[in-house]
>>> print(open('query-v6.txt').read())   # compact mmCIF, C-alpha atoms
# COMPACT_ATOMS: atom_id res chain seq x y z
CA MET A 1 143.02 64.27 6.78
CA GLY A 2 140.89 61.30 7.76
CA LYS A 3 140.81 57.57 8.23
CA TYR A 4 138.49 55.21 6.43
CA ARG A 5 137.81 51.62 7.42
CA CYS A 6 136.62 48.66 5.39
CA PRO A 7 133.53 47.38 7.22
CA GLY A 8 134.32 43.82 6.12
CA CYS A 9 137.93 43.24 7.17
CA ASP A 10 138.93 46.39 9.11
CA TYR A 11 141.60 47.45 6.60
CA THR A 12 142.09 51.14 7.34
CA TYR A 13 143.15 53.78 4.85
CA ASP A 14 144.76 56.76 6.54
CA ASP A 15 145.05 59.88 4.36
CA ALA A 16 148.20 60.88 6.21
CA LEU A 17 149.94 57.55 5.56
CA GLY A 18 148.45 56.57 2.20
CA ASP A 19 149.25 53.01 1.12
CA SER A 20 152.73 52.84 -0.34
CA HIS A 21 152.45 49.23 -1.53
CA GLU A 22 149.32 50.08 -3.49
CA GLY A 23 150.94 53.17 -4.95
CA TYR A 24 149.10 55.84 -2.96
CA PRO A 25 151.73 58.11 -1.38
CA ALA A 26 151.37 59.59 2.08
CA GLY A 27 148.97 62.50 1.99
CA THR A 28 146.76 61.07 -0.77
CA PRO A 29 143.19 61.87 0.30
CA PHE A 30 140.74 58.97 0.32
CA GLU A 31 138.41 61.00 -1.93
CA SER A 32 141.02 61.06 -4.68
CA LEU A 33 141.36 57.26 -4.84
CA PRO A 34 139.94 55.80 -8.08
CA GLU A 35 136.18 55.28 -8.11
CA ASP A 36 136.66 51.56 -8.72
CA PHE A 37 138.87 51.26 -5.63
CA THR A 38 138.20 48.03 -3.75
CA CYS A 39 139.58 47.08 -0.37
CA PRO A 40 143.23 46.05 -0.95
CA ASP A 41 142.95 43.32 1.69
CA CYS A 42 139.60 41.62 1.08
CA ALA A 43 138.39 43.04 -2.29
CA VAL A 44 134.83 42.45 -1.08
CA ARG A 45 134.02 46.08 -0.26
CA TYR A 46 133.99 49.04 -2.64
CA LYS A 47 135.12 52.60 -2.03
CA GLU A 48 131.61 53.74 -1.14
CA ASP A 49 131.34 51.06 1.55
CA PHE A 50 134.26 52.47 3.52
CA GLN A 51 133.36 54.19 6.76
CA ARG A 52 135.09 57.32 7.99
CA ILE A 53 136.40 56.84 11.50
CA ASP A 54 137.33 59.43 14.07
CA ASP A 55 140.36 59.09 16.28
CA MET B 1 145.30 18.08 25.98
CA SER B 2 142.91 20.53 24.49
CA THR B 3 142.60 24.26 24.34
CA ILE B 4 139.31 25.66 25.55
CA TYR B 5 138.36 29.10 24.31
CA THR B 6 135.95 31.06 26.46
CA VAL B 7 134.32 34.44 26.24
CA ASN B 8 131.90 36.26 28.51
CA HIS B 9 129.50 37.81 26.08
CA PRO B 10 127.43 40.77 27.34
CA GLU B 11 124.21 39.34 25.89
CA GLN B 12 124.81 35.63 25.43
CA GLY B 13 126.67 35.01 28.69
CA HIS B 14 129.49 32.49 29.03
CA ILE B 15 130.49 30.87 25.72
CA GLU B 16 132.92 27.96 25.63
CA TYR B 17 134.43 26.22 22.62
CA THR B 18 136.89 23.38 22.15
CA ASP B 19 138.31 22.93 18.66
CA ARG B 20 138.10 19.18 18.19
CA LYS B 21 139.97 19.48 14.89
CA ARG B 22 142.90 21.31 16.48
CA TYR B 23 145.34 18.42 16.18
CA LEU B 24 143.79 16.95 13.05
CA TRP B 25 145.20 19.94 11.21
CA MET B 26 148.63 18.41 11.80
CA LEU B 27 147.72 15.95 9.06
CA SER B 28 148.81 18.71 6.66
CA LEU B 29 152.36 18.07 7.87
CA THR B 30 152.13 14.41 6.88
CA MET B 31 150.90 15.18 3.36
CA PRO B 32 154.37 14.86 1.77
CA LEU B 33 154.11 11.18 2.63
CA PHE B 34 151.31 10.90 0.10
CA PRO B 35 153.41 11.67 -3.03
CA LEU B 36 156.40 9.82 -1.60
CA LEU B 37 154.39 6.72 -0.67
CA GLY B 38 154.51 5.31 -4.19
CA ILE B 39 158.29 5.67 -4.33
CA ALA B 40 158.69 3.90 -0.98
CA LEU B 41 156.44 1.06 -2.17
CA TYR B 42 158.41 0.83 -5.41
CA PHE B 43 161.66 0.30 -3.51
CA ALA B 44 159.93 -2.24 -1.25
CA SER B 45 158.33 -4.24 -4.08
CA ASP B 46 160.47 -3.42 -7.14
CA SER B 47 157.24 -2.92 -9.12
CA GLN B 48 156.66 0.33 -11.02
CA TRP B 49 152.91 -0.18 -10.64
CA MET B 50 153.35 0.93 -7.04
CA LEU B 51 154.27 4.43 -8.23
CA GLY B 52 150.62 5.01 -9.15
CA ILE B 53 149.28 4.24 -5.66
CA PRO B 54 149.03 7.92 -4.61
CA LEU B 55 146.73 8.57 -7.59
CA PHE B 56 144.44 5.83 -6.32
CA PHE B 57 144.57 7.41 -2.88
CA GLY B 58 143.74 10.89 -4.17
CA TYR B 59 140.96 10.07 -6.56
CA VAL B 60 139.37 6.98 -5.00
CA ILE B 61 140.20 6.74 -1.31
CA VAL B 62 139.74 10.44 -0.48
CA PRO B 63 136.22 10.64 -2.01
CA LEU B 64 135.33 7.39 -0.22
CA LEU B 65 136.62 8.76 3.08
CA ASP B 66 134.58 11.91 2.52
CA TYR B 67 131.55 9.71 2.06
CA ALA B 68 132.44 7.57 5.09
CA PHE B 69 133.35 10.33 7.56
CA GLY B 70 130.66 12.68 6.24
CA SER B 71 129.92 16.17 7.39
CA ASP B 72 131.97 18.27 9.75
CA GLU B 73 129.83 19.22 12.74
CA ASN B 74 132.44 21.51 14.29
CA ASN B 75 131.57 25.17 13.97
CA PRO B 76 133.23 27.80 16.14
CA PRO B 77 130.82 30.41 17.52
CA GLU B 78 131.35 33.80 15.88
CA GLU B 79 132.23 35.26 19.30
CA ILE B 80 135.16 32.83 19.63
CA VAL B 81 136.59 33.55 16.17
CA PRO B 82 138.87 36.44 17.30
CA GLN B 83 140.61 34.11 19.80
CA LEU B 84 141.02 31.37 17.23
CA GLU B 85 142.52 33.91 14.83
CA GLN B 86 145.10 34.92 17.43
CA ASP B 87 146.24 31.36 18.20
CA ARG B 88 149.59 31.11 16.46
CA TYR B 89 149.62 27.31 16.45
CA TYR B 90 147.37 27.22 13.40
CA ARG B 91 149.41 29.57 11.28
CA LEU B 92 152.59 27.72 12.13
CA LEU B 93 151.21 24.67 10.32
CA THR B 94 150.69 26.61 7.10
CA TRP B 95 154.19 28.07 7.37
CA LEU B 96 155.75 24.64 7.83
CA THR B 97 154.14 23.25 4.70
CA VAL B 98 156.00 25.80 2.53
CA PRO B 99 159.48 24.16 2.59
CA MET B 100 157.87 20.75 2.20
CA HIS B 101 156.69 21.66 -1.28
CA PHE B 102 160.24 22.40 -2.36
CA ILE B 103 161.59 19.22 -0.75
CA VAL B 104 158.96 16.97 -2.34
CA LEU B 105 159.38 18.35 -5.86
CA ILE B 106 163.16 18.11 -5.64
CA GLY B 107 162.88 14.60 -4.16
CA ILE B 108 160.59 13.29 -6.89
CA ALA B 109 162.64 15.00 -9.61
CA CYS B 110 165.76 13.34 -8.20
CA PHE B 111 164.02 9.96 -8.35
CA VAL B 112 162.82 10.50 -11.93
CA GLY B 113 166.25 11.74 -12.97
CA THR B 114 168.21 8.85 -11.53
CA GLN B 115 166.03 5.73 -11.98
CA ASP B 116 165.34 3.72 -15.08
CA LEU B 117 161.58 4.26 -15.44
CA THR B 118 158.93 3.64 -18.08
CA VAL B 119 157.20 6.58 -19.74
CA TRP B 120 154.05 5.73 -17.79
CA SER B 121 155.89 5.85 -14.49
CA VAL B 122 157.32 9.28 -15.29
CA LEU B 123 153.84 10.48 -16.27
CA ALA B 124 152.30 9.13 -13.06
CA LEU B 125 155.03 10.74 -10.94
CA ALA B 126 154.63 14.09 -12.72
CA ILE B 127 150.88 14.03 -12.06
CA ILE B 128 151.37 13.00 -8.43
CA ALA B 129 153.97 15.72 -7.90
CA GLY B 130 151.55 18.15 -9.58
CA MET B 131 148.73 17.13 -7.24
CA TYR B 132 150.94 17.89 -4.27
CA SER B 133 152.06 21.20 -5.75
CA GLY B 134 148.36 21.94 -6.29
CA LEU B 135 148.12 21.73 -2.52
CA GLY B 136 150.94 24.28 -2.52
CA ILE B 137 148.65 26.66 -4.42
CA ASN B 138 146.09 25.97 -1.70
CA THR B 139 148.64 26.85 0.99
CA ALA B 140 149.51 30.02 -0.96
CA HIS B 141 145.80 30.79 -1.09
CA GLU B 142 145.55 30.58 2.69
CA LEU B 143 148.73 32.61 3.27
CA GLY B 144 148.19 35.14 0.49
CA HIS B 145 144.89 36.31 1.94
CA LYS B 146 146.46 37.20 5.26
CA LYS B 147 147.51 40.68 6.26
CA PRO B 148 151.01 40.10 7.70
CA GLU B 149 153.72 40.78 5.12
CA PHE B 150 155.59 37.63 6.17
CA GLU B 151 152.70 35.38 5.20
CA ARG B 152 152.27 37.11 1.85
CA LEU B 153 155.97 36.57 1.24
CA LEU B 154 155.62 32.86 2.03
CA ALA B 155 152.71 32.69 -0.43
CA LYS B 156 154.88 34.21 -3.15
CA ILE B 157 157.64 31.70 -2.37
CA VAL B 158 155.46 28.56 -2.35
CA LEU B 159 153.80 29.63 -5.61
CA ALA B 160 157.21 29.36 -7.23
CA VAL B 161 157.05 25.55 -6.97
CA PRO B 162 154.24 25.19 -9.56
CA THR B 163 155.36 28.40 -11.41
CA TYR B 164 152.10 30.17 -10.61
CA GLY B 165 153.42 33.40 -9.12
CA HIS B 166 150.56 35.54 -10.41
CA PHE B 167 147.96 33.57 -8.46
CA CYS B 168 147.66 35.55 -5.22
CA ILE B 169 147.42 38.92 -6.94
CA GLU B 170 144.93 37.70 -9.49
CA HIS B 171 142.90 35.76 -6.95
CA ASN B 172 142.70 38.38 -4.20
CA ARG B 173 142.21 41.41 -6.38
CA GLY B 174 140.52 39.87 -9.42
CA HIS B 175 138.61 36.74 -8.57
CA HIS B 176 137.30 38.03 -5.23
CA ARG B 177 136.15 41.24 -6.87
CA ASP B 178 134.50 39.61 -9.90
CA VAL B 179 133.44 36.24 -8.46
CA ALA B 180 130.17 34.75 -9.74
CA THR B 181 129.88 37.21 -12.62
CA PRO B 182 130.25 36.61 -16.37
CA GLU B 183 133.38 38.79 -16.27
CA ASP B 184 135.25 36.38 -14.00
CA PRO B 185 137.47 33.89 -15.87
CA ALA B 186 137.70 31.90 -12.61
CA SER B 187 133.93 31.35 -12.20
CA ALA B 188 132.47 28.54 -14.32
CA ARG B 189 129.25 29.01 -16.23
CA MET B 190 126.34 26.61 -16.46
CA GLY B 191 126.77 24.42 -19.52
CA GLU B 192 130.51 25.12 -19.71
CA SER B 193 132.58 21.93 -19.47
CA ILE B 194 135.79 21.97 -17.48
CA TYR B 195 137.68 21.43 -20.75
CA LYS B 196 136.25 24.63 -22.16
CA PHE B 197 136.63 26.41 -18.83
CA VAL B 198 140.34 25.66 -18.52
CA LEU B 199 141.01 27.43 -21.83
CA ARG B 200 139.28 30.54 -20.49
CA GLU B 201 140.53 30.28 -16.91
CA ILE B 202 144.29 29.80 -17.26
CA PRO B 203 144.96 32.59 -19.80
CA GLY B 204 142.19 34.83 -18.42
CA THR B 205 143.45 34.78 -14.86
CA PHE B 206 147.04 35.31 -15.97
CA LYS B 207 146.06 38.39 -17.97
CA ARG B 208 143.98 39.80 -15.12
CA GLY B 209 146.71 39.18 -12.54
CA TRP B 210 149.30 40.86 -14.74
CA ALA B 211 146.99 43.82 -15.43
CA VAL B 212 146.31 44.36 -11.72
CA GLU B 213 150.03 44.30 -10.91
CA LYS B 214 150.88 46.56 -13.86
CA GLU B 215 148.31 49.09 -12.66
CA ARG B 216 149.76 49.05 -9.12
CA LEU B 217 153.30 49.52 -10.43
CA ALA B 218 152.17 52.34 -12.72
CA ARG B 219 150.81 54.19 -9.69
CA LEU B 220 154.23 53.75 -8.11
CA GLY B 221 155.86 55.10 -11.28
CA LYS B 222 157.62 51.78 -11.89
CA SER B 223 157.80 49.54 -14.91
CA GLU B 224 156.04 46.17 -14.96
CA TRP B 225 159.42 44.75 -16.02
CA SER B 226 161.16 45.60 -12.78
CA ILE B 227 162.20 43.77 -9.66
CA HIS B 228 159.31 45.44 -7.87
CA ASN B 229 156.86 43.24 -9.77
CA ASP B 230 155.59 40.68 -7.21
CA ILE B 231 154.73 38.24 -10.00
CA LEU B 232 158.19 38.36 -11.54
CA GLN B 233 159.78 37.87 -8.12
CA SER B 234 157.96 34.56 -7.74
CA TYR B 235 158.74 33.53 -11.33
CA ALA B 236 162.42 34.24 -10.67
CA ILE B 237 162.40 31.68 -7.84
CA SER B 238 160.64 29.25 -10.21
CA ALA B 239 163.33 29.78 -12.84
CA VAL B 240 166.09 29.03 -10.34
CA LEU B 241 164.32 25.97 -8.93
CA GLN B 242 163.20 24.37 -12.18
CA GLY B 243 166.27 25.50 -14.13
CA SER B 244 168.49 23.82 -11.54
CA LEU B 245 166.50 20.60 -11.82
CA ILE B 246 166.93 20.61 -15.60
CA ILE B 247 170.66 21.23 -15.27
CA ALA B 248 171.01 18.53 -12.62
CA PHE B 249 168.88 15.78 -14.19
CA GLY B 250 168.82 16.53 -17.89
CA TRP B 251 166.17 16.63 -20.62
CA ILE B 252 163.76 14.27 -18.82
CA MET B 253 162.99 17.16 -16.48
CA ILE B 254 161.44 19.20 -19.30
CA PRO B 255 158.37 16.96 -19.87
CA PHE B 256 158.30 16.02 -16.17
CA LEU B 257 158.17 19.65 -15.00
CA ALA B 258 155.79 20.69 -17.78
CA ILE B 259 153.29 18.02 -16.77
CA HIS B 260 153.87 18.72 -13.07
CA ASN B 261 153.21 22.42 -13.58
CA PHE B 262 150.14 21.87 -15.68
CA TRP B 263 148.66 19.38 -13.25
CA ALA B 264 149.18 21.75 -10.32
CA TRP B 265 147.44 24.53 -12.26
CA TYR B 266 144.71 22.09 -13.21
CA GLN B 267 144.05 21.38 -9.52
CA LEU B 268 143.27 25.06 -9.14
CA THR B 269 141.21 25.05 -12.34
CA SER B 270 139.22 22.13 -10.95
CA ALA B 271 138.60 23.94 -7.66
CA ASN B 272 137.59 27.13 -9.47
CA TYR B 273 135.29 25.13 -11.73
CA ILE B 274 133.29 23.56 -8.93
CA GLU B 275 133.33 26.47 -6.46
CA HIS B 276 131.00 28.83 -8.31
CA TYR B 277 129.49 26.76 -11.14
CA GLY B 278 126.53 28.65 -12.60
CA LEU B 279 126.17 31.03 -9.65
CA LEU B 280 125.49 34.67 -10.51
CA ARG B 281 125.52 37.93 -8.59
CA GLN B 282 122.82 40.33 -9.74
CA LYS B 283 123.57 43.84 -10.96
CA GLU B 284 122.24 46.63 -8.80
CA ALA B 285 120.71 49.89 -10.06
CA SER B 286 124.10 51.58 -9.61
CA GLY B 287 125.60 49.22 -12.19
CA ARG B 288 127.66 47.45 -9.53
CA TYR B 289 127.19 43.79 -8.76
CA GLU B 290 125.54 42.94 -5.47
CA ARG B 291 128.03 42.05 -2.74
CA CYS B 292 129.12 38.43 -2.74
CA GLN B 293 126.69 36.45 -0.59
CA PRO B 294 127.09 32.95 0.90
CA TYR B 295 124.88 31.52 -1.86
CA HIS B 296 127.39 32.65 -4.49
CA SER B 297 129.74 29.76 -3.64
CA TRP B 298 129.32 26.01 -3.56
CA ASN B 299 130.38 24.43 -0.29
CA ALA B 300 131.52 20.98 0.68
CA ASN B 301 131.45 20.49 4.41
CA TYR B 302 133.20 17.10 4.43
CA ILE B 303 135.61 16.73 7.29
CA PHE B 304 138.27 14.63 5.59
CA SER B 305 139.01 16.67 2.47
CA ASN B 306 138.56 19.90 4.43
CA ILE B 307 141.42 18.83 6.67
CA LEU B 308 143.56 18.20 3.58
CA LEU B 309 142.66 21.60 2.13
CA PHE B 310 142.77 23.97 5.11
CA HIS B 311 138.99 24.39 5.05
CA LEU B 312 138.96 25.64 1.46
CA GLU B 313 135.67 23.81 0.99
CA ARG B 314 133.95 26.10 3.50
CA HIS B 315 133.96 28.49 0.63
CA SER B 316 130.98 30.73 1.36
CA ASP B 317 132.46 32.02 4.59
CA HIS B 318 135.79 32.46 2.81
CA HIS B 319 134.28 34.74 0.16
CA ALA B 320 132.33 36.71 2.73
CA ASN B 321 135.43 37.06 4.95
CA PRO B 322 138.50 36.49 2.76
CA THR B 323 141.04 37.49 5.38
CA ARG B 324 139.63 35.07 7.97
CA ARG B 325 142.03 32.26 8.88
CA TYR B 326 141.25 28.67 7.96
CA GLN B 327 140.64 27.46 11.51
CA SER B 328 137.86 30.03 11.95
CA LEU B 329 135.89 29.37 8.78
CA ARG B 330 132.33 28.33 9.49
CA ASN B 331 129.66 26.27 7.84
CA PHE B 332 126.12 27.58 7.42
CA ASP B 333 122.79 25.96 6.75
CA GLY B 334 120.89 26.71 3.57
CA ILE B 335 123.88 27.39 1.31
CA PRO B 336 124.73 25.61 -1.97
CA GLU B 337 126.15 22.19 -1.09
CA LEU B 338 128.20 19.88 -3.27
CA PRO B 339 127.33 16.19 -2.96
CA ASN B 340 130.94 15.11 -2.23
CA GLY B 341 134.25 16.69 -1.25
CA TYR B 342 136.43 18.48 -3.79
CA TYR B 343 138.38 15.44 -4.99
CA GLY B 344 135.20 13.48 -5.70
CA MET B 345 133.70 16.51 -7.43
CA TYR B 346 136.83 16.97 -9.56
CA LEU B 347 136.35 13.46 -10.92
CA LEU B 348 132.71 14.24 -11.65
CA ALA B 349 133.72 17.45 -13.43
CA TYR B 350 136.09 15.49 -15.67
CA VAL B 351 133.02 13.67 -17.09
CA PRO B 352 130.97 16.66 -18.30
CA TRP B 353 127.68 14.89 -19.14
CA LEU B 354 127.64 13.35 -15.67
CA TRP B 355 128.55 16.69 -14.08
CA TYR B 356 125.61 18.40 -15.81
CA LYS B 357 123.30 15.56 -14.81
CA VAL B 358 124.21 15.92 -11.13
CA MET B 359 124.78 19.66 -10.87
CA ASP B 360 122.37 21.44 -13.23
CA LYS B 361 119.26 20.31 -11.35
CA ARG B 362 120.95 21.06 -8.06
CA LEU B 363 121.86 24.55 -9.29
CA LEU B 364 118.37 25.39 -10.53
CA ALA B 365 116.81 24.06 -7.32
CA LEU B 366 118.72 26.53 -5.12
CA PRO B 367 116.21 28.67 -3.21
CA HIS B 368 117.52 31.98 -4.58
CA ILE B 369 117.32 30.67 -8.16
CA ASN B 370 114.22 28.47 -8.03
CA GLY B 371 114.40 27.58 -11.70
CA ASP B 372 114.85 31.17 -12.89
CA LEU B 373 117.56 31.02 -15.55
CA ALA B 374 117.95 34.81 -15.42
CA LYS B 375 119.66 34.23 -12.06
CA VAL B 376 122.18 31.77 -13.47
CA ASN B 377 125.61 32.43 -15.00
CA ILE B 378 125.12 30.59 -18.32
CA ASP B 379 127.62 29.84 -21.07
CA PRO B 380 126.43 32.27 -23.80
CA GLN B 381 127.09 29.68 -26.50
CA ARG B 382 124.69 27.25 -24.83
CA ARG B 383 122.08 29.74 -23.68
CA ASP B 384 119.41 28.81 -26.24
CA GLU B 385 119.90 25.13 -25.66
CA ILE B 386 119.66 25.52 -21.88
CA TYR B 387 116.56 27.72 -22.10
CA ALA B 388 114.96 25.17 -24.43
CA LYS B 389 115.71 22.39 -22.00
CA TYR B 390 114.79 24.04 -18.71
CA GLY B 391 112.44 26.83 -19.79
CA ASN B 392 112.20 29.61 -17.28
CA GLY B 393 110.44 30.20 -13.99
CA PRO B 394 109.89 27.84 -11.09
CA HIS B 395 110.36 24.29 -12.19
CA LEU B 396 108.37 21.72 -10.28
CA ARG B 397 110.52 18.75 -11.22
CA LEU B 398 113.72 20.25 -9.91
CA ALA B 399 113.49 18.81 -6.42
CA ILE B 400 116.65 16.89 -5.65
>>> encode(input="query-v6.txt", output="structure tokens")
Amino acid sequence: MGKYRCPGCDYTYDDALGDSHEGYPAGTPFESLPEDFTCPDCAVRYKEDFQRIDD
Amino acid sequence: MSTIYTVNHPEQGHIEYTDRKRYLWMLSLTMPLFPLLGIALYFASDSQWMLGIPLFFGYVIVPLLDYAFGSDENNPPEEIVPQLEQDRYYRLLTWLTVPMHFIVLIGIACFVGTQDLTVWSVLALAIIAGMYSGLGINTAHELGHKKPEFERLLAKIVLAVPTYGHFCIEHNRGHHRDVATPEDPASARMGESIYKFVLREIPGTFKRGWAVEKERLARLGKSEWSIHNDILQSYAISAVLQGSLIIAFGWIMIPFLAIHNFWAWYQLTSANYIEHYGLLRQKEASGRYERCQPYHSWNANYIFSNILLFHLERHSDHHANPTRRYQSLRNFDGIPELPNGYYGMYLLAYVPWLWYKVMDKRLLALPHINGDLAKVNIDPQRRDEIYAKYGNGPHLRLAI
């Protein structure tokens, strides 16, 4: 389980929580998100731009 | 009374900033007076000509005031931006404009439905109401980009007034992703007139917005035809609002609302047309487009129309930082600049040959393009003609 942050707007994807509005249930690993995933908040940054953050 | 923001920066020391536009933003609360002005003057003078006054204000006075008041020199330091973002005063203004859009449309509809007016007066009022509802799309734009659920809900609600409920989804997840690429129906191409653009933009953005929402709902295991569809929720409010007006005031509401809706959409079309005209992001080796840079948007740093539009015209910073609030948007040197505010540029866009005459040279003279047509988003149907006219490579006569 990890957390990944958009370097542009600080949206954070938490594997444990998922993103229910976007249709990613809790427990969905970041790696399994679609390859064309863009930040749900700013849409400026792509999946590969996201940075893993440690608690 | 003014609010002074201060920060003690570890490297730059004490930074202080006063937002001199702080109370100017309250002008947004007086904007309903603009569409209602003509009606007030009509009652005062008994002349239907007065109903057209707001059009004169929007398309003549506003561009002149942009020219007269000129550039906006206020620019918050980046270090102060987090404090500005936290100041709830600013967001309150955007929230308060939401009910005003409902009140104004209902008020004008009531006037149209109860007075004995000429066809021309009804047309003028529909266009004026549409201009104001276009500002509603602008308010939705500001609110829809924000992270709090409440503001996104307000965006969905205000979009119901011009029946444009798909806008926020399409704009945030489509336009911002594809901006300044040939794939984006909301980015105009060099050589494409606004009349051609509108036929690509309105259906193209609707389809993209619907597709994005359908994809999200599919991941949730829900049908696109369900109450969970954010677009349909907004349309449902539109149906209640506009259906009630038709029931209350009769058949005259059908052409009135149709023209009102179209003109509101056309305000957005006009903004989309001028905001990225001809600008093109380059493809990287990975096949992805380069990240949107400040030079992928046209800016207009005119203080007057920026106050009317919640800083929409500081567009480069908006695309670089879409979730940033309007009060914090900054202007930068060396970015593409429009020669007048949005309303003046809309008028120019409505006369395509004049638009090309003013803008094509300005586009090709941008430092990152420097006459190289390979770096321009060109209308494919006019590519040969444009290459024949401008050739390729640095163009010495492009200086503006």
>>> atom_distance(input="query-v6.txt", atom1="atom CA of Ala188 of chain B", atom2="atom CA of Asn172 of chain B")
17.4 Å
>>> closest_atom_pairs(input="query-v6.txt", of="chain B", to="chain A", cutoff="9 Å", atoms="only C-alpha atoms", output="tab-separated table")
residue	atom	partner	partner_atom	distance
B:His145	CA	A:Asp41	CA	7.3
B:Lys146	CA	A:Asp41	CA	7.9
B:Lys147	CA	A:Asp41	CA	7.0
B:Asn172	CA	A:Ala43	CA	6.6
B:Arg173	CA	A:Ala43	CA	5.8
B:Gly174	CA	A:Ala43	CA	8.1
B:His175	CA	A:Ala43	CA	8.9
B:His176	CA	A:Ala43	CA	5.9
B:Arg177	CA	A:Ala43	CA	5.4
B:Arg216	CA	A:Glu22	CA	5.7
B:Leu217	CA	A:Gly23	CA	7.0
B:Ala218	CA	A:Gly23	CA	7.9
B:Arg219	CA	A:Gly23	CA	4.9
B:Leu220	CA	A:Gly23	CA	4.6
B:Gly221	CA	A:Gly23	CA	8.2
B:Arg291	CA	A:Val44	CA	7.0
B:Cys292	CA	A:Val44	CA	7.2
B:His319	CA	A:Val44	CA	7.8
B:Ala320	CA	A:Val44	CA	7.3
B:Asn321	CA	A:Gly8	CA	6.9
B:Pro322	CA	A:Cys42	CA	5.5
B:Thr323	CA	A:Cys42	CA	6.1
B:Arg324	CA	A:Cys9	CA	8.4
>>> write_last_selection(input="query-v6.txt", atoms="C-alpha atoms", output="JSON list (two decimals), in the coordinates of the input")
[["chain", "number", "residue", "atom", "x", "y", "z"],
["B", 145, "HIS", "CA", 144.89, 36.31, 1.94],
["B", 146, "LYS", "CA", 146.46, 37.20, 5.26],
["B", 147, "LYS", "CA", 147.51, 40.68, 6.26],
["B", 172, "ASN", "CA", 142.70, 38.38, -4.20],
["B", 173, "ARG", "CA", 142.21, 41.41, -6.38],
["B", 174, "GLY", "CA", 140.52, 39.87, -9.42],
["B", 175, "HIS", "CA", 138.61, 36.74, -8.57],
["B", 176, "HIS", "CA", 137.30, 38.03, -5.23],
["B", 177, "ARG", "CA", 136.15, 41.24, -6.87],
["B", 216, "ARG", "CA", 149.76, 49.05, -9.12],
["B", 217, "LEU", "CA", 153.30, 49.52, -10.43],
["B", 218, "ALA", "CA", 152.17, 52.34, -12.72],
["B", 219, "ARG", "CA", 150.81, 54.19, -9.69],
["B", 220, "LEU", "CA", 154.23, 53.75, -8.11],
["B", 221, "GLY", "CA", 155.86, 55.10, -11.28],
["B", 291, "ARG", "CA", 128.03, 42.05, -2.74],
["B", 292, "CYS", "CA", 129.12, 38.43, -2.74],
["B", 319, "HIS", "CA", 134.28, 34.74, 0.16],
["B", 320, "ALA", "CA", 132.33, 36.71, 2.73],
["B", 321, "ASN", "CA", 135.43, 37.06, 4.95],
["B", 322, "PRO", "CA", 138.50, 36.49, 2.76],
["B", 323, "THR", "CA", 141.04, 37.49, 5.38],
["B", 324, "ARG", "CA", 139.63, 35.07, 7.97]]
>>> atom_distance(input="query-v6.txt", atom1="atom CA of Cys6 of chain A", atom2="atom CA of Arg288 of chain B")
17.4 Å
>>> atom_distance(input="query-v6.txt", atom1="atom CA of Asn261 of chain B", atom2="atom CA of Tyr356 of chain B")
28.0 Å
>>> residues_around(input="query-v6.txt", residues="segment 243-255 of chain B", least_positions_apart="4", cutoff="7 Å", atoms="only C-alpha atoms", output="PyMOL selection string")
chain B and resi 113+239+259
>>> closest_residue(input="query-v6.txt", among="B:His228, B:Lys222, B:His260, B:His368", to="Val161 of chain B", atoms="only C-alpha atoms")
B:His260
>>> residues_around(input="query-v6.txt", residues="Phe30 of chain A", least_positions_apart="6", cutoff="12 Å", atoms="only C-alpha atoms", output="list in words")
Met1, Gly2, Lys3, Tyr4, Arg5, Thr12, Tyr13, Asp14, Asp15, Ala16, Leu17, Gly18, Asp19, Tyr24, Phe37, Thr38, Cys39, Lys47, Glu48, Phe50, Gln51 and Arg52 of chain A
>>> closest_residue(input="query-v6.txt", among="B:Phe262, B:Tyr17, B:Tyr390, B:Tyr343", to="Tyr302 of chain B", atoms="only C-alpha atoms")
B:Tyr343
>>> residues_near_point(input="query-v6.txt", point="(139.5, 22.3, 1.6)", cutoff="10 Å", atoms="all atoms listed in the file", output="ChimeraX atom specification")
/B:135,138,271,299-315,326,341-343
>>> closest_residue(input="query-v6.txt", among="B:Pro54, B:Gly209, B:Gly344, B:Pro380", to="Pro182 of chain B", atoms="all atoms listed in the file")
B:Pro380
>>> decode(input="query-v6.txt", residues="segment 364-380 of chain B", atoms="C-alpha atoms", output="PDB file, in the first residue's frame")
ATOM      1  CA  LEU B 364       4.079  33.426 -35.846  1.00  0.00           C
ATOM      2  CA  ALA B 365       6.175  36.081 -34.102  1.00  0.00           C
ATOM      3  CA  LEU B 366       5.993  34.301 -30.727  1.00  0.00           C
ATOM      4  CA  PRO B 367       9.534  33.470 -29.582  1.00  0.00           C
ATOM      5  CA  HIS B 368       8.897  29.718 -29.327  1.00  0.00           C
ATOM      6  CA  ILE B 369       7.436  29.638 -32.852  1.00  0.00           C
ATOM      7  CA  ASN B 370       9.563  32.229 -34.649  1.00  0.00           C
ATOM      8  CA  GLY B 371       7.858  31.666 -37.974  1.00  0.00           C
ATOM      9  CA  ASP B 372       8.136  27.865 -37.860  1.00  0.00           C
ATOM     10  CA  LEU B 373       4.758  26.577 -39.037  1.00  0.00           C
ATOM     11  CA  ALA B 374       5.604  23.084 -37.742  1.00  0.00           C
ATOM     12  CA  LYS B 375       5.081  24.554 -34.268  1.00  0.00           C
ATOM     13  CA  VAL B 376       1.608  25.865 -35.054  1.00  0.00           C
ATOM     14  CA  ASN B 377      -1.768  24.125 -34.733  1.00  0.00           C
ATOM     15  CA  ILE B 378      -3.043  24.678 -38.295  1.00  0.00           C
ATOM     16  CA  ASP B 379      -6.441  23.940 -39.801  1.00  0.00           C
ATOM     17  CA  PRO B 380      -5.603  20.909 -42.021  1.00  0.00           C
TER      18      PRO B 380
END
